[in-house]
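Listing of data_27.tsv, TSV, C-alpha atoms
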```tsv
chain	number	residue	atom	x	y	z
V	1	MET	CA	4.88	-26.76	44.86
V	2	THR	CA	7.53	-28.25	42.58
V	3	THR	CA	9.55	-26.12	40.18
V	4	TYR	CA	10.37	-27.87	36.92
V	5	GLU	CA	12.87	-26.87	34.27
V	6	ILE	CA	11.76	-28.47	31.01
V	7	LEU	CA	14.59	-28.19	28.51
V	8	PHE	CA	15.56	-29.00	24.96
V	9	SER	CA	19.20	-27.92	24.94
V	10	PRO	CA	21.42	-29.70	22.39
V	11	THR	CA	24.62	-27.70	22.96
V	12	GLY	CA	24.01	-26.21	26.42
V	13	GLY	CA	23.16	-22.63	25.44
V	14	THR	CA	19.45	-22.97	26.15
V	15	MET	CA	20.15	-24.68	29.47
V	16	LYS	CA	22.65	-22.01	30.53
V	17	THR	CA	20.19	-19.24	29.71
V	18	ALA	CA	17.24	-20.99	31.38
V	19	ASN	CA	19.28	-21.66	34.53
V	20	LEU	CA	19.83	-17.94	35.02
V	21	LEU	CA	16.08	-17.43	35.13
V	22	THR	CA	15.10	-20.58	37.01
V	23	LYS	CA	17.39	-20.01	39.98
V	24	GLU	CA	15.48	-16.79	40.70
V	25	PHE	CA	12.37	-18.89	41.41
V	26	SER	CA	13.71	-21.84	43.39
V	27	PRO	CA	17.03	-23.39	44.46
V	28	ASP	CA	15.42	-26.83	44.23
V	29	VAL	CA	14.49	-27.68	40.65
V	30	ARG	CA	13.48	-30.88	38.91
V	31	VAL	CA	14.92	-31.02	35.39
V	32	VAL	CA	12.98	-32.65	32.57
V	33	ASP	CA	15.32	-33.34	29.64
V	34	LEU	CA	13.45	-33.19	26.34
V	35	MET	CA	16.61	-34.43	24.62
V	36	ASP	CA	16.03	-37.91	26.06
V	37	ARG	CA	14.31	-39.83	23.27
V	38	LYS	CA	13.68	-42.81	25.58
V	39	ALA	CA	11.96	-40.97	28.46
V	40	ASP	CA	8.28	-41.43	29.31
V	41	PHE	CA	7.11	-37.83	29.39
V	42	SER	CA	3.50	-38.85	30.01
V	43	ALA	CA	4.39	-40.12	33.49
V	44	ILE	CA	5.49	-36.81	35.07
V	45	PRO	CA	3.03	-35.89	37.88
V	46	PHE	CA	2.43	-32.19	37.22
V	47	ARG	CA	-0.01	-30.41	39.57
V	48	PRO	CA	-1.86	-27.07	39.36
V	49	GLU	CA	0.42	-25.53	42.02
V	50	ASP	CA	3.61	-26.43	40.13
V	51	LEU	CA	5.73	-23.96	38.14
V	52	CYS	CA	7.40	-25.03	34.90
V	53	ILE	CA	10.09	-23.06	33.07
V	54	VAL	CA	9.95	-24.46	29.53
V	55	ALA	CA	12.96	-23.49	27.41
V	56	VAL	CA	13.64	-24.43	23.80
V	57	PRO	CA	15.96	-23.10	21.11
V	58	SER	CA	14.47	-21.47	18.03
V	59	PHE	CA	15.18	-23.63	14.97
V	60	GLY	CA	14.43	-21.53	11.91
V	61	GLY	CA	11.83	-19.62	13.90
V	62	ARG	CA	10.09	-22.76	15.16
V	63	VAL	CA	10.12	-25.12	18.14
V	64	PRO	CA	12.31	-28.18	17.40
V	65	VAL	CA	10.05	-31.03	16.24
V	66	PRO	CA	11.26	-33.52	18.89
V	67	ALA	CA	10.45	-30.99	21.63
V	68	VAL	CA	6.93	-30.50	20.24
V	69	LYS	CA	6.29	-34.24	20.19
V	70	ARG	CA	7.62	-34.80	23.71
V	71	ILE	CA	5.77	-31.88	25.30
V	72	SER	CA	2.60	-33.09	23.59
V	73	ARG	CA	2.84	-36.36	25.53
V	74	MET	CA	2.79	-34.55	28.87
V	75	GLN	CA	-0.23	-34.01	31.11
V	76	GLY	CA	0.11	-30.45	32.41
V	77	ASN	CA	-2.89	-30.63	34.75
V	78	GLY	CA	-3.03	-26.83	35.01
V	79	ALA	CA	0.60	-26.29	36.04
V	80	LYS	CA	1.82	-22.75	35.41
V	81	ALA	CA	4.33	-22.38	32.58
V	82	ILE	CA	6.92	-19.72	31.81
V	83	LEU	CA	7.85	-19.98	28.14
V	84	MET	CA	11.39	-19.32	26.97
V	85	ALA	CA	12.60	-19.18	23.35
V	86	VAL	CA	16.38	-18.99	23.05
V	87	PHE	CA	17.85	-17.83	19.75
V	88	GLY	CA	21.27	-17.35	18.21
V	89	ASN	CA	21.04	-13.59	17.63
V	90	ARG	CA	18.68	-13.60	14.63
V	91	ALA	CA	14.98	-13.78	15.65
V	92	ILE	CA	12.45	-16.15	17.22
V	93	ASP	CA	9.73	-15.65	14.57
V	94	ASP	CA	6.90	-18.06	15.56
V	95	THR	CA	8.73	-20.03	18.26
V	96	LEU	CA	6.90	-18.64	21.28
V	97	LEU	CA	3.48	-18.81	19.63
V	98	GLU	CA	4.01	-22.45	18.69
V	99	LEU	CA	5.36	-23.27	22.16
V	100	LYS	CA	2.34	-21.61	23.77
V	101	GLU	CA	-0.04	-23.64	21.60
V	102	VAL	CA	1.71	-26.93	22.35
V	103	LEU	CA	1.80	-26.28	26.10
V	104	THR	CA	-1.81	-25.13	26.24
V	105	GLN	CA	-2.98	-28.22	24.39
V	106	ALA	CA	-0.98	-30.35	26.83
V	107	GLY	CA	-2.85	-28.80	29.76
V	108	PHE	CA	-0.35	-26.19	31.00
V	109	GLN	CA	-1.26	-22.60	31.88
V	110	PRO	CA	1.14	-20.11	30.21
V	111	VAL	CA	1.69	-17.12	32.51
V	112	ALA	CA	4.75	-15.38	31.02
V	113	ALA	CA	7.13	-15.69	28.11
V	114	LEU	CA	10.49	-14.39	27.07
V	115	GLU	CA	12.95	-14.51	24.23
V	116	ALA	CA	16.62	-14.63	25.13
V	117	VAL	CA	19.86	-14.67	23.20
V	118	ALA	CA	22.53	-17.34	23.49
V	119	GLN	CA	25.64	-17.90	21.42
V	120	HIS	CA	24.76	-19.42	18.06
V	121	SER	CA	25.18	-23.19	18.23
V	122	ILE	CA	26.62	-23.55	14.73
V	123	MET	CA	28.28	-20.18	14.12
V	124	PRO	CA	29.72	-18.88	17.40
V	125	GLN	CA	30.65	-15.56	15.78
V	126	PHE	CA	27.00	-14.62	16.33
V	127	GLY	CA	25.90	-13.88	19.89
V	128	THR	CA	29.41	-14.64	21.09
V	129	GLY	CA	29.65	-15.18	24.85
V	130	ARG	CA	25.95	-14.78	25.49
V	131	PRO	CA	24.28	-14.99	27.87
V	132	ASP	CA	26.70	-12.55	29.51
V	133	ASN	CA	26.55	-10.45	32.69
V	134	ARG	CA	24.22	-7.93	31.09
V	135	ASP	CA	21.86	-10.75	30.09
V	136	HIS	CA	22.03	-12.12	33.63
V	137	ARG	CA	20.91	-8.80	35.09
V	138	GLU	CA	18.06	-8.55	32.59
V	139	LEU	CA	16.86	-12.08	33.33
V	140	MET	CA	16.91	-11.34	37.07
V	141	SER	CA	14.72	-8.30	36.39
V	142	PHE	CA	12.40	-10.39	34.21
V	143	ALA	CA	12.05	-12.96	37.01
V	144	GLN	CA	10.98	-10.26	39.46
V	145	GLN	CA	8.39	-8.91	37.03
V	146	ILE	CA	7.04	-12.41	36.45
V	147	LYS	CA	6.71	-13.00	40.19
V	148	GLU	CA	4.76	-9.77	40.56
V	149	LYS	CA	2.45	-10.73	37.70
V	150	MET	CA	1.87	-14.21	39.13
V	151	ALA	CA	0.98	-12.68	42.51
V	152	GLU	CA	-1.78	-10.70	40.81
V	153	GLU	CA	-3.32	-13.93	39.45
V	154	SER	CA	-4.44	-12.19	36.28
V	155	ALA	CA	-6.98	-14.01	34.12
V	156	GLU	CA	-5.86	-12.30	30.90
V	157	GLU	CA	-4.53	-14.55	28.15
V	158	LEU	CA	-0.79	-14.30	27.64
V	159	TYR	CA	0.24	-12.48	24.47
V	160	VAL	CA	3.29	-13.74	22.58
V	161	PRO	CA	4.57	-12.72	19.13
V	162	GLY	CA	4.11	-14.89	16.07
V	163	SER	CA	1.56	-15.62	13.38
V	164	PHE	CA	-0.41	-18.41	11.75
V	165	PRO	CA	0.38	-20.28	9.64
V	166	TYR	CA	3.75	-20.87	11.24
V	167	ARG	CA	6.94	-20.04	9.38
V	168	PRO	CA	7.89	-23.05	7.19
V	169	TYR	CA	11.01	-24.85	8.35
V	170	ASN	CA	12.36	-27.95	6.67
V	171	GLY	CA	15.77	-28.10	8.26
V	172	ILE	CA	19.14	-26.87	7.06
V	173	PRO	CA	21.90	-28.55	5.02
V	174	MET	CA	24.44	-28.28	7.84
V	175	LYS	CA	24.86	-31.90	8.93
V	176	PRO	CA	27.82	-32.66	11.21
V	177	LYS	CA	29.98	-35.60	10.24
V	178	ALA	CA	32.82	-37.48	11.92
V	179	ASP	CA	36.39	-36.89	10.79
V	180	HIS	CA	39.52	-39.03	11.20
V	181	GLY	CA	39.64	-38.19	14.91
V	182	CYS	CA	36.57	-40.32	15.66
V	183	VAL	CA	37.40	-43.14	18.10
V	184	ARG	CA	33.89	-44.68	17.93
V	185	CYS	CA	33.23	-44.09	21.64
V	186	GLY	CA	29.50	-43.66	21.04
V	187	HIS	CA	28.98	-40.47	23.09
V	188	CYS	CA	27.43	-38.74	20.09
V	189	ALA	CA	25.03	-41.60	19.41
V	190	ARG	CA	23.84	-41.74	23.01
V	191	HIS	CA	23.18	-38.00	23.14
V	192	CYS	CA	21.54	-37.58	19.73
V	193	PRO	CA	17.89	-36.65	20.44
V	194	VAL	CA	16.58	-38.30	17.26
V	195	GLY	CA	18.78	-41.37	16.90
V	196	ALA	CA	20.48	-40.16	13.73
V	197	ILE	CA	23.81	-41.74	14.72
V	198	PRO	CA	24.01	-45.56	14.91
V	199	LEU	CA	25.66	-46.70	18.14
V	200	GLU	CA	27.28	-49.64	16.36
V	201	ASP	CA	28.84	-47.30	13.78
V	202	PRO	CA	29.01	-43.81	15.35
V	203	ASN	CA	31.21	-42.29	12.67
V	204	ARG	CA	28.17	-42.24	10.39
V	205	THR	CA	25.22	-39.81	10.32
V	206	ASN	CA	21.77	-40.44	8.90
V	207	THR	CA	21.34	-37.06	7.25
V	208	GLN	CA	17.65	-37.75	6.57
V	209	VAL	CA	16.98	-38.04	10.31
V	210	CYS	CA	19.51	-35.47	11.61
V	211	ILE	CA	17.94	-32.17	12.72
V	212	SER	CA	21.26	-30.24	12.80
V	213	CYS	CA	20.93	-29.60	16.54
V	214	MET	CA	24.72	-30.01	17.01
V	215	ALA	CA	24.41	-32.07	20.18
V	216	CYS	CA	26.89	-34.57	18.74
V	217	THR	CA	29.50	-31.85	18.21
V	218	ALA	CA	29.02	-30.60	21.78
V	219	PHE	CA	29.29	-34.03	23.40
V	220	CYS	CA	32.14	-35.48	21.30
V	221	PRO	CA	35.18	-35.69	23.65
V	222	GLN	CA	37.52	-35.79	20.66
V	223	ARG	CA	35.92	-32.82	18.87
V	224	ALA	CA	35.76	-35.14	15.89
V	225	ARG	CA	32.29	-34.21	14.64
V	226	LYS	CA	32.00	-31.04	12.58
V	227	VAL	CA	30.07	-29.26	9.88
V	228	SER	CA	32.04	-28.86	6.66
V	229	PRO	CA	33.75	-25.44	6.51
V	230	LEU	CA	32.76	-25.35	2.82
V	231	VAL	CA	29.16	-25.11	4.04
V	232	LEU	CA	29.80	-22.92	7.08
V	233	LEU	CA	31.72	-20.14	5.35
V	234	PRO	CA	29.10	-19.06	2.78
V	235	ALA	CA	26.28	-19.57	5.31
V	236	GLY	CA	28.06	-17.34	7.80
V	237	LEU	CA	28.51	-14.62	5.21
V	238	ALA	CA	24.84	-14.84	4.22
V	239	MET	CA	23.72	-14.57	7.87
V	240	ARG	CA	26.06	-11.75	8.83
V	241	LYS	CA	23.46	-9.01	8.33
V	242	SER	CA	20.51	-10.75	10.02
V	243	CYS	CA	22.59	-12.02	12.96
V	244	GLY	CA	24.80	-8.98	13.46
V	245	GLY	CA	24.72	-6.52	16.35
V	246	ARG	CA	23.39	-7.16	19.84
V	247	LYS	CA	19.80	-8.42	19.79
V	248	PRO	CA	17.74	-7.73	22.93
V	249	ASN	CA	16.06	-10.10	25.34
V	250	LYS	CA	12.30	-9.50	25.61
V	251	LEU	CA	9.64	-10.26	28.20
V	252	TYR	CA	5.93	-10.82	27.58
V	253	LEU	CA	3.44	-10.69	30.45
```
Can the structure from this file be put into structure tokens for me?
Amino acid sequence: MTTYEILFSPTGGTMKTANLLTKEFSPDVRVVDLMDRKADFSAIPFRPEDLCIVAVPSFGGRVPVPAVKRISRMQGNGAKAILMAVFGNRAIDDTLLELKEVLTQAGFQPVAALEAVAQHSIMPQFGTGRPDNRDHRELMSFAQQIKEKMAEESAEELYVPGSFPYRPYNGIPMKPKADHGCVRCGHCARHCPVGAIPLEDPNRTNTQVCISCMACTAFCPQRARKVSPLVLLPAGLAMRKSCGGRKPNKLYL
């Protein structure tokens, strides 16, 4: 059996959260990076005995479009899948339901699902420092419950929250741009999952292609890519109520 960690993690929060769960299943994990726009995802040799932890961030209550497209190219061949929707302390809305549909259509067998909080990728004042020690303990407990459920080999279909039609999501106006600190090193362009930053001119951003995932801000060694504070400030105030407090992690079996 091979344990896979299938990730779409632009700023590292989803990966950090998923790692806490994955290590409870196996110390030897093969990582599949859904951020890699050049990878051949159809060539991965999944088998029925394999276990896949599939973790994506919730973008406006949905699975990021590039992740949907790349998972859809895979051949699951009956491999078991644990679904993980990571959110920035608001809600996951239809993320898990959409992820379940995409994985099922690709030939995976969903056996468990969870929603977990990580620090917001654009506004770190929400979910600050998460996942923290309390989250770690909860994810360890979730892993044990999932193992027990898998040992039972239940034939019941996995329930996850969400509804059809899916919540509309057409992106957000928060597009990071380069400031005067840009040295044109190209790190942002190489890590952009949708190719919105031209390698030959990395201080530009194609705002029509950009999905506001913030990978470029996370990978810029100069911290020269940012979202305008004139956009961030009112958005943060508007989101204060929906993203306030400590939102719980949840497990679905």
Counting only C-alpha atoms, write as a short mmCIF file (atom, residue, chain, number, x, y, z; two decimals) with C-alpha atoms, in the frame of the given file all protein and nucleic acid residues lying at most 12 Å from (-4.3, -22.0, 34.7) in the file's frame.
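Listing of part-v7.cif after writing:
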```cif
data_model
loop_
_atom_site.label_atom_id
_atom_site.label_comp_id
_atom_site.auth_asym_id
_atom_site.auth_seq_id
_atom_site.Cartn_x
_atom_site.Cartn_y
_atom_site.Cartn_z
CA ARG V 47 -0.01 -30.41 39.57
CA PRO V 48 -1.86 -27.07 39.36
CA GLU V 49 0.42 -25.53 42.02
CA ASP V 50 3.61 -26.43 40.13
CA LEU V 51 5.73 -23.96 38.14
CA GLY V 76 0.11 -30.45 32.41
CA ASN V 77 -2.89 -30.63 34.75
CA GLY V 78 -3.03 -26.83 35.01
CA ALA V 79 0.60 -26.29 36.04
CA LYS V 80 1.82 -22.75 35.41
CA ALA V 81 4.33 -22.38 32.58
CA ILE V 82 6.92 -19.72 31.81
CA LEU V 103 1.80 -26.28 26.10
CA THR V 104 -1.81 -25.13 26.24
CA ALA V 106 -0.98 -30.35 26.83
CA GLY V 107 -2.85 -28.80 29.76
CA PHE V 108 -0.35 -26.19 31.00
CA GLN V 109 -1.26 -22.60 31.88
CA PRO V 110 1.14 -20.11 30.21
CA VAL V 111 1.69 -17.12 32.51
CA ALA V 112 4.75 -15.38 31.02
CA MET V 150 1.87 -14.21 39.13
CA GLU V 153 -3.32 -13.93 39.45
CA SER V 154 -4.44 -12.19 36.28
CA ALA V 155 -6.98 -14.01 34.12
CA GLU V 156 -5.86 -12.30 30.90
CA GLU V 157 -4.53 -14.55 28.15
CA LEU V 158 -0.79 -14.30 27.64
#
```
Excluding Asn206 in chain V and residues on its chain fewer than 4 positions from it, collect all residues at most 7 Å away from it, counting only C-alpha atoms, and give them as a PDB file with C-alpha atoms, in the frame of the given file.
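This is the output file out_11.pdb:
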```pdb
ATOM      1  CA  ALA V 196      20.480 -40.160  13.730  1.00  0.00           C
ATOM      2  CA  ILE V 197      23.810 -41.740  14.720  1.00  0.00           C
ATOM      3  CA  CYS V 210      19.510 -35.470  11.610  1.00  0.00           C
TER       4      CYS V 210
END
```
Mind pulling up the distance from CA of Lys241 in chain V to CA of Ser9 in chain V? 25.5 Å
How many Å lie between CA of Gln125 in chain V and CA of Leu21 in chain V, rounded to one decimal? 24.3 Å
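CA of Cys185 in chain V is found 15.9 Å from CA of Lys226 in chain V.
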Closest contacts (range 90-117 of chain V/range 65-68 of chain V, max 10 Å, all atoms listed in the file) as JSON lines:
```
{"residue": "V:Glu98", "atom": "CA", "partner": "V:Val68", "partner_atom": "CA", "distance": 8.7}
{"residue": "V:Leu99", "atom": "CA", "partner": "V:Val68", "partner_atom": "CA", "distance": 7.6}
{"residue": "V:Glu101", "atom": "CA", "partner": "V:Val68", "partner_atom": "CA", "distance": 9.9}
{"residue": "V:Val102", "atom": "CA", "partner": "V:Val68", "partner_atom": "CA", "distance": 6.7}
{"residue": "V:Leu103", "atom": "CA", "partner": "V:Val68", "partner_atom": "CA", "distance": 8.9}
```
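Among the candidates V:Ser26, V:Thr95, V:Asn89, V:Gln75, the residue lying nearest to Tyr166 in chain V is V:Thr95 (atoms considered: all atoms listed in the file).
With all atoms listed in the file as the atoms that count, the residue of V:Thr128, V:Asn170, V:Ser121, V:Gln208 with the shortest distance to Gly245 in chain V is V:Thr128.
All residues of protein, DNA or RNA that reach within 12 Å of Lys16 in chain V, judged by all atoms listed in the file and not counting those fewer than 4 positions away in the chain, are V:Glu5, V:Leu7, V:Phe8, V:Ser9, V:Pro10, V:Thr11, V:Gly12, V:Leu20, V:Leu21, V:Thr22, V:Lys23, V:Ala55, V:Val56, V:Pro57, V:Val86, V:Ala116, V:Val117, V:Ala118, V:Gln119, V:Gly129, V:Arg130, V:Pro131, V:Asp132, V:Asp135, V:His136, V:Leu139.
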Hey, what's within 10 Å of Ala189 in chain V if we count all atoms listed in the file and toss same-chain stuff fewer than 2 positions away? As a ChimeraX atom specification, please? /V:184-187,191-205,215-216,219-220
Report, as lines of an AutoDock Vina configuration file, the axis-aligned box around all atoms of range 211-223 of chain V present in the file, extended by 4 Å on each side; give centre and edge lengths in Å to one decimal place.
```
center_x = 27.7
center_y = -32.7
center_z = 18.2
size_x = 27.6
size_y = 14.2
size_z = 18.9
```
Determine, counting all atoms listed in the file, which protein, DNA and RNA residues have an atom within 12 Å of an atom of Ala39 in chain V; residues of the same chain fewer than 4 positions away are not included. Present the result as a PyMOL selection string. chain V and resi 32-35+43-44+70-71+73-74+193
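Once Gly236 in chain V and its same-chain neighbours fewer than 6 positions away are set aside, His120, Ile122, Met123, Pro124, Gln125, Phe126, Met174, Pro229, Leu230, Ser242, Cys243 and Gly244 of chain V remain within 12 Å of it when counting only C-alpha atoms.
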May I have the selected residues written with C-alpha atoms, as a PDB file, in the coordinates of the input?
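Listing of again.pdb after writing:
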```pdb
ATOM      1  CA  HIS V 120      24.760 -19.420  18.060  1.00  0.00           C
ATOM      2  CA  ILE V 122      26.620 -23.550  14.730  1.00  0.00           C
ATOM      3  CA  MET V 123      28.280 -20.180  14.120  1.00  0.00           C
ATOM      4  CA  PRO V 124      29.720 -18.880  17.400  1.00  0.00           C
ATOM      5  CA  GLN V 125      30.650 -15.560  15.780  1.00  0.00           C
ATOM      6  CA  PHE V 126      27.000 -14.620  16.330  1.00  0.00           C
ATOM      7  CA  MET V 174      24.440 -28.280   7.840  1.00  0.00           C
ATOM      8  CA  PRO V 229      33.750 -25.440   6.510  1.00  0.00           C
ATOM      9  CA  LEU V 230      32.760 -25.350   2.820  1.00  0.00           C
ATOM     10  CA  SER V 242      20.510 -10.750  10.020  1.00  0.00           C
ATOM     11  CA  CYS V 243      22.590 -12.020  12.960  1.00  0.00           C
ATOM     12  CA  GLY V 244      24.800  -8.980  13.460  1.00  0.00           C
TER      13      GLY V 244
END
```
Which residue, V:Met140, V:Met84, V:Val231, V:Ile172, has the smallest gap to Cys213 in chain V when you use all atoms listed in the file? V:Ile172
Of the candidates V:Ala224, V:Ile146, V:Ile92, V:Met214, which one gets nearest to Gly181 in chain V if we count all atoms listed in the file? V:Ala224
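The set of protein, DNA and RNA residues with any counted atom at most 9 Å from (15.0, -26.6, 39.3) (only C-alpha atoms) reads Thr2, Thr3, Tyr4, Glu5, Asn19, Thr22, Lys23, Phe25, Ser26, Pro27, Asp28, Val29, Arg30, Val31, Cys52 and Ile53 of chain V.
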Place N, CA and C atoms on range 180-210 of chain V and deliver the coordinates as a compact mmCIF listing (two decimals), keeping the file's coordinate frame.
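This is the output file result_22.txt:
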```txt
# COMPACT_ATOMS: atom_id res chain seq x y z
N HIS V 180 38.57 -37.96 10.87
CA HIS V 180 39.52 -39.03 11.20
C HIS V 180 39.80 -39.15 12.69
N GLY V 181 39.39 -38.13 13.47
CA GLY V 181 39.64 -38.19 14.91
C GLY V 181 38.63 -39.02 15.68
N CYS V 182 37.60 -39.51 15.00
CA CYS V 182 36.57 -40.32 15.66
C CYS V 182 37.15 -41.62 16.20
N VAL V 183 36.91 -41.90 17.48
CA VAL V 183 37.40 -43.14 18.10
C VAL V 183 36.25 -44.10 18.37
N ARG V 184 35.06 -43.81 17.84
CA ARG V 184 33.89 -44.68 17.93
C ARG V 184 33.48 -44.95 19.38
N CYS V 185 33.59 -43.93 20.22
CA CYS V 185 33.23 -44.09 21.64
C CYS V 185 31.73 -44.15 21.87
N GLY V 186 30.94 -43.58 20.94
CA GLY V 186 29.50 -43.66 21.04
C GLY V 186 28.83 -42.54 21.82
N HIS V 187 29.60 -41.58 22.35
CA HIS V 187 28.98 -40.47 23.09
C HIS V 187 27.97 -39.73 22.22
N CYS V 188 28.31 -39.48 20.98
CA CYS V 188 27.43 -38.74 20.09
C CYS V 188 26.12 -39.49 19.86
N ALA V 189 26.22 -40.79 19.66
CA ALA V 189 25.03 -41.60 19.41
C ALA V 189 24.10 -41.60 20.61
N ARG V 190 24.66 -41.69 21.80
CA ARG V 190 23.84 -41.74 23.01
C ARG V 190 23.15 -40.42 23.29
N HIS V 191 23.75 -39.31 22.86
CA HIS V 191 23.18 -38.00 23.14
C HIS V 191 22.34 -37.44 22.00
N CYS V 192 22.34 -38.08 20.85
CA CYS V 192 21.54 -37.58 19.73
C CYS V 192 20.06 -37.70 20.08
N PRO V 193 19.29 -36.61 20.02
CA PRO V 193 17.89 -36.65 20.44
C PRO V 193 16.96 -37.35 19.47
N VAL V 194 17.44 -37.66 18.26
CA VAL V 194 16.58 -38.30 17.26
C VAL V 194 17.13 -39.62 16.76
N GLY V 195 18.23 -40.09 17.31
CA GLY V 195 18.78 -41.37 16.90
C GLY V 195 19.35 -41.38 15.50
N ALA V 196 19.94 -40.26 15.09
CA ALA V 196 20.48 -40.16 13.73
C ALA V 196 21.87 -40.78 13.60
N ILE V 197 22.46 -41.17 14.73
CA ILE V 197 23.81 -41.74 14.72
C ILE V 197 23.75 -43.16 15.25
N PRO V 198 24.08 -44.17 14.44
CA PRO V 198 24.01 -45.56 14.91
C PRO V 198 25.09 -45.85 15.94
N LEU V 199 24.71 -46.41 17.08
CA LEU V 199 25.66 -46.70 18.14
C LEU V 199 26.72 -47.69 17.69
N GLU V 200 26.33 -48.62 16.83
CA GLU V 200 27.28 -49.64 16.36
C GLU V 200 28.26 -49.08 15.32
N ASP V 201 27.96 -47.91 14.79
CA ASP V 201 28.84 -47.30 13.78
C ASP V 201 28.75 -45.78 13.91
N PRO V 202 29.24 -45.23 15.04
CA PRO V 202 29.01 -43.81 15.35
C PRO V 202 29.77 -42.81 14.48
N ASN V 203 30.58 -43.27 13.56
CA ASN V 203 31.21 -42.29 12.67
C ASN V 203 30.34 -41.99 11.45
N ARG V 204 29.13 -42.53 11.46
CA ARG V 204 28.17 -42.24 10.39
C ARG V 204 27.07 -41.32 10.92
N THR V 205 26.37 -40.66 9.98
CA THR V 205 25.22 -39.81 10.32
C THR V 205 24.13 -40.06 9.30
N ASN V 206 22.91 -40.34 9.79
CA ASN V 206 21.77 -40.44 8.90
C ASN V 206 21.27 -39.03 8.65
N THR V 207 21.65 -38.46 7.53
CA THR V 207 21.34 -37.06 7.25
C THR V 207 19.85 -36.83 7.02
N GLN V 208 19.09 -37.89 6.74
CA GLN V 208 17.65 -37.75 6.57
C GLN V 208 16.94 -37.58 7.91
N VAL V 209 17.56 -38.10 8.97
CA VAL V 209 16.98 -38.04 10.31
C VAL V 209 17.56 -36.86 11.12
N CYS V 210 18.81 -36.53 10.88
CA CYS V 210 19.51 -35.47 11.61
C CYS V 210 18.76 -34.15 11.54
```
